[in-house]
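Have a look at query30.cif; it's mmCIF, C-alpha atoms and all ligand atoms:
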```cif
data_upload
#
loop_
_atom_site.label_atom_id
_atom_site.label_comp_id
_atom_site.auth_asym_id
_atom_site.auth_seq_id
_atom_site.Cartn_x
_atom_site.Cartn_y
_atom_site.Cartn_z
CA MET X 1 114.84 101.90 112.69
CA ASN X 2 117.92 103.50 111.29
CA GLU X 3 118.22 107.21 110.73
CA ILE X 4 117.62 107.16 106.98
CA ASN X 5 114.29 105.42 107.43
CA SER X 6 112.95 108.00 109.82
CA ARG X 7 109.99 110.03 108.75
CA ALA X 8 111.94 113.22 109.41
CA ALA X 9 114.64 112.15 106.95
CA ALA X 10 112.07 111.36 104.28
CA TRP X 11 110.34 114.70 104.81
CA ALA X 12 113.68 116.53 104.63
CA LEU X 13 114.48 114.79 101.37
CA LEU X 14 111.09 115.64 99.90
CA THR X 15 111.24 119.29 100.87
CA GLU X 16 114.84 119.65 99.73
CA PHE X 17 113.81 118.81 96.18
CA THR X 18 110.15 119.85 96.15
CA GLN X 19 109.03 123.43 96.75
CA SER X 20 105.56 123.14 95.19
CA GLU X 21 102.82 123.16 97.80
CA SER X 22 100.59 120.93 95.70
CA LEU X 23 103.32 118.34 95.12
CA ARG X 24 104.09 118.27 98.83
CA LYS X 25 100.40 117.73 99.52
CA HIS X 26 100.31 114.95 96.96
CA ALA X 27 103.23 113.30 98.76
CA LEU X 28 101.44 113.60 102.11
CA ALA X 29 98.24 112.17 100.62
CA VAL X 30 99.98 109.15 99.13
CA GLU X 31 101.88 108.66 102.39
CA ALA X 32 98.62 108.58 104.36
CA CYS X 33 97.07 106.04 101.98
CA MET X 34 100.21 103.89 102.10
CA ARG X 35 100.31 103.92 105.90
CA ALA X 36 96.71 102.73 105.95
CA CYS X 37 97.47 100.11 103.30
CA SER X 38 100.40 98.75 105.32
CA HIS X 39 97.93 97.55 107.94
CA LYS X 40 95.64 95.95 105.37
CA PHE X 41 98.13 94.48 102.92
CA GLY X 42 101.39 94.42 104.91
CA ASN X 43 102.28 92.90 108.23
CA GLY X 44 100.93 95.84 110.18
CA SER X 45 104.06 96.45 112.25
CA ALA X 46 105.23 99.97 113.07
CA GLU X 47 108.33 99.32 110.99
CA ASP X 48 106.26 98.24 108.02
CA GLU X 49 103.99 101.26 108.33
CA ASN X 50 107.02 103.51 108.30
CA LEU X 51 108.48 101.77 105.27
CA TRP X 52 105.27 102.02 103.27
CA GLY X 53 104.77 105.61 104.42
CA THR X 54 108.28 106.56 103.36
CA VAL X 55 107.74 105.12 99.91
CA GLY X 56 104.53 107.11 99.59
CA LEU X 57 106.09 110.31 100.85
CA ILE X 58 109.11 110.29 98.57
CA HIS X 59 107.84 108.47 95.47
CA ASP X 60 107.74 111.71 93.43
CA PHE X 61 110.45 113.65 95.26
CA ASP X 62 112.49 114.15 92.06
CA TYR X 63 109.51 115.13 89.90
CA GLU X 64 109.65 118.89 90.36
CA ARG X 65 113.27 119.10 89.22
CA TRP X 66 113.20 116.27 86.69
CA PRO X 67 109.61 115.86 85.43
CA THR X 68 110.27 114.13 82.10
CA PRO X 69 109.82 110.38 81.63
CA GLU X 70 113.50 110.27 80.68
CA GLU X 71 114.48 111.51 84.15
CA HIS X 72 111.67 110.75 86.64
CA PRO X 73 111.98 108.51 88.64
CA TYR X 74 115.46 107.52 87.39
CA LYS X 75 117.21 110.63 88.68
CA GLY X 76 115.56 110.18 92.06
CA ASN X 77 116.59 106.55 92.10
CA GLU X 78 120.25 107.54 91.75
CA ILE X 79 119.97 110.08 94.54
CA LEU X 80 118.25 107.56 96.81
CA LYS X 81 121.05 105.08 96.14
CA GLU X 82 123.71 107.68 96.94
CA ARG X 83 121.95 108.45 100.19
CA GLY X 84 121.70 104.84 101.25
CA TYR X 85 118.03 104.12 100.71
CA SER X 86 117.28 100.40 100.46
CA ASP X 87 116.70 98.42 97.28
CA GLU X 88 113.20 97.69 98.55
CA ILE X 89 112.33 101.38 98.68
CA ARG X 90 114.02 102.23 95.39
CA ARG X 91 112.44 99.33 93.53
CA ALA X 92 108.96 100.26 94.75
CA ILE X 93 109.44 103.84 93.60
CA MET X 94 110.77 102.75 90.22
CA SER X 95 107.80 100.43 89.76
CA HIS X 96 105.21 103.18 90.14
CA ALA X 97 106.18 104.58 86.73
CA GLU X 98 104.40 102.49 84.10
CA TYR X 99 107.15 103.14 81.56
CA SER X 100 110.07 102.12 83.80
CA GLY X 101 109.68 98.46 82.96
CA VAL X 102 110.02 97.56 86.65
CA SER X 103 107.21 95.16 87.51
CA ARG X 104 105.03 95.55 90.56
CA ASP X 105 105.45 92.35 92.53
CA THR X 106 105.10 93.03 96.24
CA PRO X 107 101.97 94.23 98.05
CA MET X 108 103.79 97.51 98.79
CA GLU X 109 104.57 98.08 95.12
CA LYS X 110 101.00 97.27 94.13
CA ALA X 111 99.62 99.54 96.84
CA LEU X 112 101.75 102.48 95.72
CA PHE X 113 100.39 102.24 92.20
CA ALA X 114 96.83 101.75 93.47
CA CYS X 115 97.02 104.85 95.70
CA ASP X 116 99.03 107.32 93.64
CA GLU X 117 96.54 108.52 91.02
CA LEU X 118 93.58 107.80 93.25
CA ALA X 119 94.84 110.05 96.06
CA GLY X 120 95.18 112.89 93.56
CA PHE X 121 91.74 112.25 92.18
CA ILE X 122 90.05 112.18 95.59
CA THR X 123 91.76 115.47 96.42
CA ALA X 124 90.47 116.98 93.17
CA VAL X 125 86.94 115.84 93.97
CA ALA X 126 87.15 117.42 97.43
CA LEU X 127 88.20 120.73 95.92
CA ILE X 128 85.02 121.07 93.88
CA LYS X 129 82.74 120.40 96.84
CA PRO X 130 80.96 123.47 98.26
CA GLY X 131 82.99 123.35 101.48
CA LYS X 132 86.17 122.13 99.78
CA SER X 133 86.42 119.36 102.31
CA LEU X 134 87.13 115.64 102.35
CA ALA X 135 84.16 115.18 104.66
CA GLU X 136 81.93 115.87 101.66
CA VAL X 137 83.55 113.21 99.45
CA ASP X 138 82.05 109.75 99.16
CA VAL X 139 82.64 106.78 96.88
CA LYS X 140 79.68 107.69 94.69
CA SER X 141 80.93 111.19 94.00
CA VAL X 142 84.40 109.86 93.10
CA ARG X 143 82.92 107.26 90.73
CA LYS X 144 80.72 109.89 89.13
CA ARG X 145 83.68 112.18 88.47
CA MET X 146 85.72 109.30 87.08
CA LYS X 147 83.18 109.10 84.26
CA ASP X 148 83.45 112.82 83.59
CA LYS X 149 86.26 113.00 81.05
CA ALA X 150 86.64 116.77 81.33
CA PHE X 151 87.27 116.59 85.09
CA ALA X 152 90.89 116.27 86.35
CA ARG X 153 91.92 115.23 82.86
CA LYS X 154 95.51 114.52 83.82
CA VAL X 155 94.49 111.72 86.16
CA ASN X 156 94.59 108.42 84.32
CA ARG X 157 91.37 106.51 85.13
CA ASP X 158 92.80 103.24 83.84
CA ASP X 159 95.61 103.46 86.39
CA ILE X 160 93.04 103.77 89.16
CA VAL X 161 90.97 100.83 87.90
CA ASN X 162 93.97 98.63 87.10
CA GLY X 163 95.77 99.56 90.31
CA ALA X 164 92.92 98.34 92.50
CA ALA X 165 92.52 95.18 90.41
CA ALA X 166 96.21 94.34 90.70
CA LEU X 167 96.04 94.88 94.43
CA GLY X 168 93.14 92.45 94.50
CA VAL X 169 90.55 94.80 95.93
CA ASP X 170 87.14 95.94 94.82
CA LEU X 171 87.42 99.42 93.34
CA ASP X 172 84.61 100.96 95.39
CA ALA X 173 86.03 99.48 98.57
CA HIS X 174 89.49 100.82 97.74
CA ILE X 175 88.17 104.31 96.98
CA GLY X 176 86.31 104.34 100.30
CA PHE X 177 89.39 103.06 102.10
CA CYS X 178 91.56 105.83 100.64
CA ILE X 179 88.99 108.54 101.42
CA GLU X 180 89.05 107.40 105.06
CA ALA X 181 92.87 107.26 105.06
CA LEU X 182 93.03 110.87 103.90
CA LYS X 183 90.52 112.31 106.38
CA PRO X 184 92.92 112.39 109.36
CA ILE X 185 95.25 114.68 107.40
CA ALA X 186 92.51 116.83 105.86
CA LYS X 187 93.90 119.92 107.58
CA GLU X 188 97.43 119.42 106.17
CA LEU X 189 95.90 118.90 102.74
CA GLY X 190 93.83 122.09 103.06
CA LEU X 191 90.69 119.98 102.76
CA ASP X 192 89.17 120.36 106.21
CA GLY X 193 86.69 123.02 105.15
CA SER X 194 88.60 125.91 106.69
CA ALA X 195 89.39 127.30 103.24
CA ILE X 196 85.75 128.32 103.00
CA LYS X 197 85.12 129.29 106.61
CA THR X 198 87.93 131.83 106.72
CA VAL X 199 86.69 133.72 103.66
FE FE D 1 102.56 110.45 92.54
#
```

Structure translated into structure tokens:
Amino acid sequence: MNEINSRAAAWALLTEFTQSESLRKHALAVEACMRACSHKFGNGSAEDENLWGTVGLIHDFDYERWPTPEEHPYKGNEILKERGYSDEIRRAIMSHAEYSGVSRDTPMEKALFACDELAGFITAVALIKPGKSLAEVDVKSVRKRMKDKAFARKVNRDDIVNGAAALGVDLDAHIGFCIEALKPIAKELGLDGSAIKTV
């Protein structure tokens, strides 16, 4: 693995451009889902896991500074190119924006789209649980909230449904899979229940 593909380099890039705690948590959540997906939809090697994880971690790294559809993820794409990130990584990141016109062809590209909005939605569901923890979230509660239009309005439900379909997985199974992928990093996401216990 070369230096640029190390997790430390990806984290440094993310935190250089992203100060928002919630955006950093979003990046970590998508990274965790992508790492899990690499074993299910990729070849399962350590290198592959790192690649998929990197894509998840940095897919929105330019968003805080350049949030408009005119700039995100294009600005980030230029920076990634300057810094020597591979075409494979840059293409996957470009493809997660519906409006970019970059098609999602590879399993990694499809997985990124299928995990992005869903990871945010699962996090939002955890936050309204009494203990604010991922341990309280199940597939049923996520599906129920998806039907509630007033809840987490910014999360596009169609992207979640279409993302799973394009990846070729049953939606319920994919939601459950992502919930499980997020649980190991519940503490980093602030969703391990300690937010309540310390009050
Ligand atoms: Fe995202």

Q. Which of these, X:Ser38, X:Thr15, X:Ser95, X:Ser194, has the shortest distance to ligand FE 1 (chain D) once you count only C-alpha atoms and all ligand atoms?
A.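 Checking each of X:Ser38, X:Thr15, X:Ser95, X:Ser194 against ligand FE 1 (chain D), counting only C-alpha atoms and all ligand atoms, the winner is X:Ser95.
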
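Excluding Phe61 of chain X and any residue on its chain fewer than 3 positions from it, the residues at most 9 Å away by all atoms listed in the file are Leu13, Leu14, Thr15, Glu16, Phe17, Thr18, Leu23, Arg24, Ala27, Leu57, Ile58, Glu64, Arg65, Pro73 and Gly76 of chain X.
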
(Q) Please determine, counting only C-alpha atoms and all ligand atoms, which residue among X:Ser141, X:Phe151, X:Ile79, X:Glu117 has the shortest atom-to-atom distance to ligand FE 1 (chain D). (A)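 The answer is X:Glu117, which sits nearest to ligand FE 1 (chain D).
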
Q) Which residue, X:Thr54, X:Ser45, X:Thr123, X:Ser100, has the smallest gap to His72 of chain X when you use all atoms listed in the file? A)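 For His72 of chain X, the nearest of the given residues is X:Ser100.
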
Using only C-alpha atoms and all ligand atoms, tabulate the residues of chain X lying at most 10 Å from any atom of ligand FE 1 (chain D), each with its closest atom pair and that distance in Å to one decimal, by chain and increasing residue number, as a tab-separated table.
```
residue	atom	partner	partner_atom	distance
X:Leu23	CA	D:FE1	FE	8.3
X:His26	CA	D:FE1	FE	6.7
X:Ala27	CA	D:FE1	FE	6.9
X:Ala29	CA	D:FE1	FE	9.3
X:Val30	CA	D:FE1	FE	7.2
X:Gly56	CA	D:FE1	FE	8.0
X:Leu57	CA	D:FE1	FE	9.0
X:Ile58	CA	D:FE1	FE	8.9
X:His59	CA	D:FE1	FE	6.4
X:Asp60	CA	D:FE1	FE	5.4
X:Phe61	CA	D:FE1	FE	8.9
X:Tyr63	CA	D:FE1	FE	8.8
X:Ile93	CA	D:FE1	FE	9.6
X:His96	CA	D:FE1	FE	8.1
X:Ala97	CA	D:FE1	FE	9.0
X:Leu112	CA	D:FE1	FE	8.6
X:Phe113	CA	D:FE1	FE	8.5
X:Cys115	CA	D:FE1	FE	8.5
X:Asp116	CA	D:FE1	FE	4.8
X:Glu117	CA	D:FE1	FE	6.5
X:Leu118	CA	D:FE1	FE	9.4
X:Ala119	CA	D:FE1	FE	8.5
X:Gly120	CA	D:FE1	FE	7.8
```

Q) Phe41 of chain X: which residues within 9 Å, counting all atoms listed in the file, same-chain residues fewer than 6 positions away excluded, as a list in words? A)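 Returned residues: Pro107, Met108, Ala111 and Leu167 of chain X.
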
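Taking all atoms listed in the file into account, the protein, DNA and RNA residues within 8 Å of (114.1, 105.0, 91.7) read Pro73, Tyr74, Lys75, Gly76, Asn77, Glu78, Leu80, Arg90, Arg91, Ala92, Ile93 and Met94 of chain X.
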
Q: Please measure the separation of atom CA of Lys183 of chain X and atom CA of Cys33 of chain X, giving the value in Å to one decimal.
A: 10.1 Å

Q: Just give me the residues with any atom within 9 Å of (85.3, 124.1, 97.7), file coordinates, counting only C-alpha atoms, written as a list in words.
A: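 Protein and nucleic acid residues near the point are Ala126, Leu127, Ile128, Lys129, Pro130, Gly131, Lys132, Ser133, Leu191, Gly193, Ala195 and Ile196 of chain X.
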
Q. With all atoms listed in the file as the atoms that count, which of X:Arg104, X:Arg83, X:Arg143, X:Lys40 lies nearest to Ala166 of chain X?
A.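 Ranked by minimum distance to Ala166 of chain X, first place goes to X:Arg104.
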
Q: Measuring atom to atom with all atoms listed in the file, identify which of X:Leu28, X:Ile179, X:Ala124, X:Leu189 is nearest to Arg153 of chain X.
A: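 Between X:Leu28, X:Ile179, X:Ala124, X:Leu189, the residue approaching Arg153 of chain X most closely is X:Ala124.
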
(Q) Could you list, as a PyMOL selection string, every residue within 7 Å of segment 171-177 of chain X, counting all atoms listed in the file and ignoring same-chain residues fewer than 4 positions away? (A) chain X and resi 138-139+161+164+181

Saved selection, atoms kept: C-alpha atoms, as a tab-separated table (two decimals), in the frame of the given file:
```tsv
chain	number	residue	atom	x	y	z
X	138	ASP	CA	82.05	109.75	99.16
X	139	VAL	CA	82.64	106.78	96.88
X	161	VAL	CA	90.97	100.83	87.90
X	164	ALA	CA	92.92	98.34	92.50
X	181	ALA	CA	92.87	107.26	105.06
```

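Across the structure, atom CA of Gly42 of chain X and atom CA of Cys178 of chain X are spaced 15.7 Å apart.
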
Q.
Let me make sure I understand: among X:Phe121, X:Ser86, X:Trp11, X:Asn162, which one has the smallest atom-to-atom distance to Lys144 of chain X if we use all atoms listed in the file?
A. X:Phe121

Q | Computed interatomic separation between atom CA of Asn43 of chain X and atom CA of Asp158 of chain X (Å) | A |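 Distance between the two atoms: 28.1 Å.
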
With 4 Å on each side, where is the centre of the axis-aligned box around all listed atoms of segment 141-148 of chain X, and how long are its edges in Å to one decimal, as AutoDock Vina command-line options?
```
--center_x 83.2 --center_y 110.0 --center_z 88.8 --size_x 13.0 --size_y 13.6 --size_z 18.4
```
